[in-house]
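Asker: For reference, the structure I am asking about is given below.
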Amino acid sequence: MFNADDKRDLDAGGLLSRGREMHDMDFDDGRPRCAWAGNDALMRAYHDDEWGRPCHDDRELFERLMLECFQAGLSWQTILRKREAFRRAFEGWDVERIAGYGDDDRARLMGDAGIVRNRLKVAAATKNALAFLAIRAEFGTFDAYVWSFAPNPNGRARRQALGELPAATPESDALSRDLRRRGFTFVGSTIVYAFMQSVGIVDDHLAGCFRVR
């Protein structure tokens with residue numbers, strides 16, 4: 001979800017400064033949160049209800065990974081605002097249907113102003129869906145595959161400040177390499193680490209956040 005580009009975007013908007021601690025952000029409901037959630041309703045709901053919570057549903061895992069792919073070069077806030085439009089455009093992220101998309105479907109998507117209309121990313125959706133199905137056929141579920149890259153949580157200190165969060169890790173490097181080997185695109189290590197944060201493969205809520213489990 002949250003990579004170096006996002007940090008620059010939020011800093012430019014005055015929401016964050018690198019190294020700011022979680023409790024330096026004043027939340028009007030009195031709940032201590034990771035500072036990146038800000039006071040935007042969508043960002044706060046995403047932080048509170050989804051980010052860092054373990055996800056094991058294959059369709060949702062595909063959606064979350066694809067949203068991270070579409071986010072490349074953009075702010076996460078932009079993606080959240082377009083999330084429902086993405087769901088409609090990609091038919092509820094039905095991976096089997098997306099794997100069968102042809103030229104007409106890609107033309108439809110490129111004409112949809114509600115989503116990110118990037119030709120390479122739109123084309124990648126079908127390629128990634130095909131690779132996703134191949135992984136599922138091999139491992140039984142995409143969930144089983146992707147969670148096999150989870151780091152050992154023992155001895156991992158919880159970060160105190162936003163600036164301490166990594167943009168990538170050895171685990172995201174390994175998952176990124178393997179996804180690319182299997183045919184995925186737009187899955188660099190930074191994007192993959194953001195996905196791992198999102199679906200709870202890693203828990204990067206800062207110390208003191210009310211969502212720390």
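Labels used: A, B, ... for chains in the order of the structure tokens, numbers from 1 for residues in each chain, and numbers from 1 for ligands as shown.
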Can you write out as CSV which residues of stretch 46-66 of chain A fall within 6 Å of stretch 186-198 of chain A, alongside each residue's closest atom pair and its distance in Å to one decimal, counting only C-alpha atoms and ordering rows by chain and ascending residue number?
Answerer:
residue,atom,partner,partner_atom,distance
A:Trp51,CA,A:Ser198,CA,4.6
A:Gly52,CA,A:Ser198,CA,5.2
A:Leu65,CA,A:Phe195,CA,5.8
Asker: Need to verify the contact set: stretch 136-146 of chain A, 9 Å, only C-alpha atoms, exclusion of same-chain residues closer than 5 positions in sequence. Can you return it as a PyMOL selection string?
Answerer: chain A and resi 55-58+61-62+131+175+196+201
Asker: Keeping only N, CA and C atoms, write the selected residues to a file as a PDB file, in the first residue's frame.
Answerer:
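again-v6.pdb was written with the following content:
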ATOM      1  N   CYS A  55      -5.558 -11.769   5.211  1.00  0.00           N
ATOM      2  CA  CYS A  55      -6.548 -12.074   4.178  1.00  0.00           C
ATOM      3  C   CYS A  55      -6.184 -13.415   3.562  1.00  0.00           C
ATOM      4  N   HIS A  56      -7.174 -14.291   3.439  1.00  0.00           N
ATOM      5  CA  HIS A  56      -6.930 -15.623   2.886  1.00  0.00           C
ATOM      6  C   HIS A  56      -7.917 -15.983   1.782  1.00  0.00           C
ATOM      7  N   ASP A  57      -8.656 -15.012   1.282  1.00  0.00           N
ATOM      8  CA  ASP A  57      -9.630 -15.243   0.206  1.00  0.00           C
ATOM      9  C   ASP A  57      -8.952 -14.976  -1.144  1.00  0.00           C
ATOM     10  N   ASP A  58      -8.974 -15.956  -2.031  1.00  0.00           N
ATOM     11  CA  ASP A  58      -8.235 -15.834  -3.285  1.00  0.00           C
ATOM     12  C   ASP A  58      -8.698 -14.649  -4.138  1.00  0.00           C
ATOM     13  N   LEU A  61      -7.427 -11.520  -2.570  1.00  0.00           N
ATOM     14  CA  LEU A  61      -5.982 -11.418  -2.755  1.00  0.00           C
ATOM     15  C   LEU A  61      -5.652 -10.932  -4.166  1.00  0.00           C
ATOM     16  N   PHE A  62      -6.380 -11.443  -5.160  1.00  0.00           N
ATOM     17  CA  PHE A  62      -6.148 -10.994  -6.531  1.00  0.00           C
ATOM     18  C   PHE A  62      -6.495  -9.519  -6.681  1.00  0.00           C
ATOM     19  N   ALA A 131      -1.511 -16.010 -14.943  1.00  0.00           N
ATOM     20  CA  ALA A 131      -0.459 -16.493 -14.042  1.00  0.00           C
ATOM     21  C   ALA A 131      -1.039 -16.881 -12.688  1.00  0.00           C
ATOM     22  N   LEU A 175       9.401 -12.950  -3.305  1.00  0.00           N
ATOM     23  CA  LEU A 175       8.076 -13.103  -3.892  1.00  0.00           C
ATOM     24  C   LEU A 175       7.997 -12.392  -5.234  1.00  0.00           C
ATOM     25  N   MET A 196       1.980  -7.156   0.562  1.00  0.00           N
ATOM     26  CA  MET A 196       2.167  -7.967   1.766  1.00  0.00           C
ATOM     27  C   MET A 196       1.703  -7.215   3.011  1.00  0.00           C
ATOM     28  N   ILE A 201       0.333 -10.196   5.464  1.00  0.00           N
ATOM     29  CA  ILE A 201       1.474 -11.112   5.458  1.00  0.00           C
ATOM     30  C   ILE A 201       2.577 -10.542   6.343  1.00  0.00           C
TER      31      ILE A 201
END
Asker: Could you find all residues in stretch 36-74 of chain A that DSSP calls alpha helix (DSSP H) from the backbone, and write them as a ChimeraX atom specification?
Answerer: /A:41-49,58-71
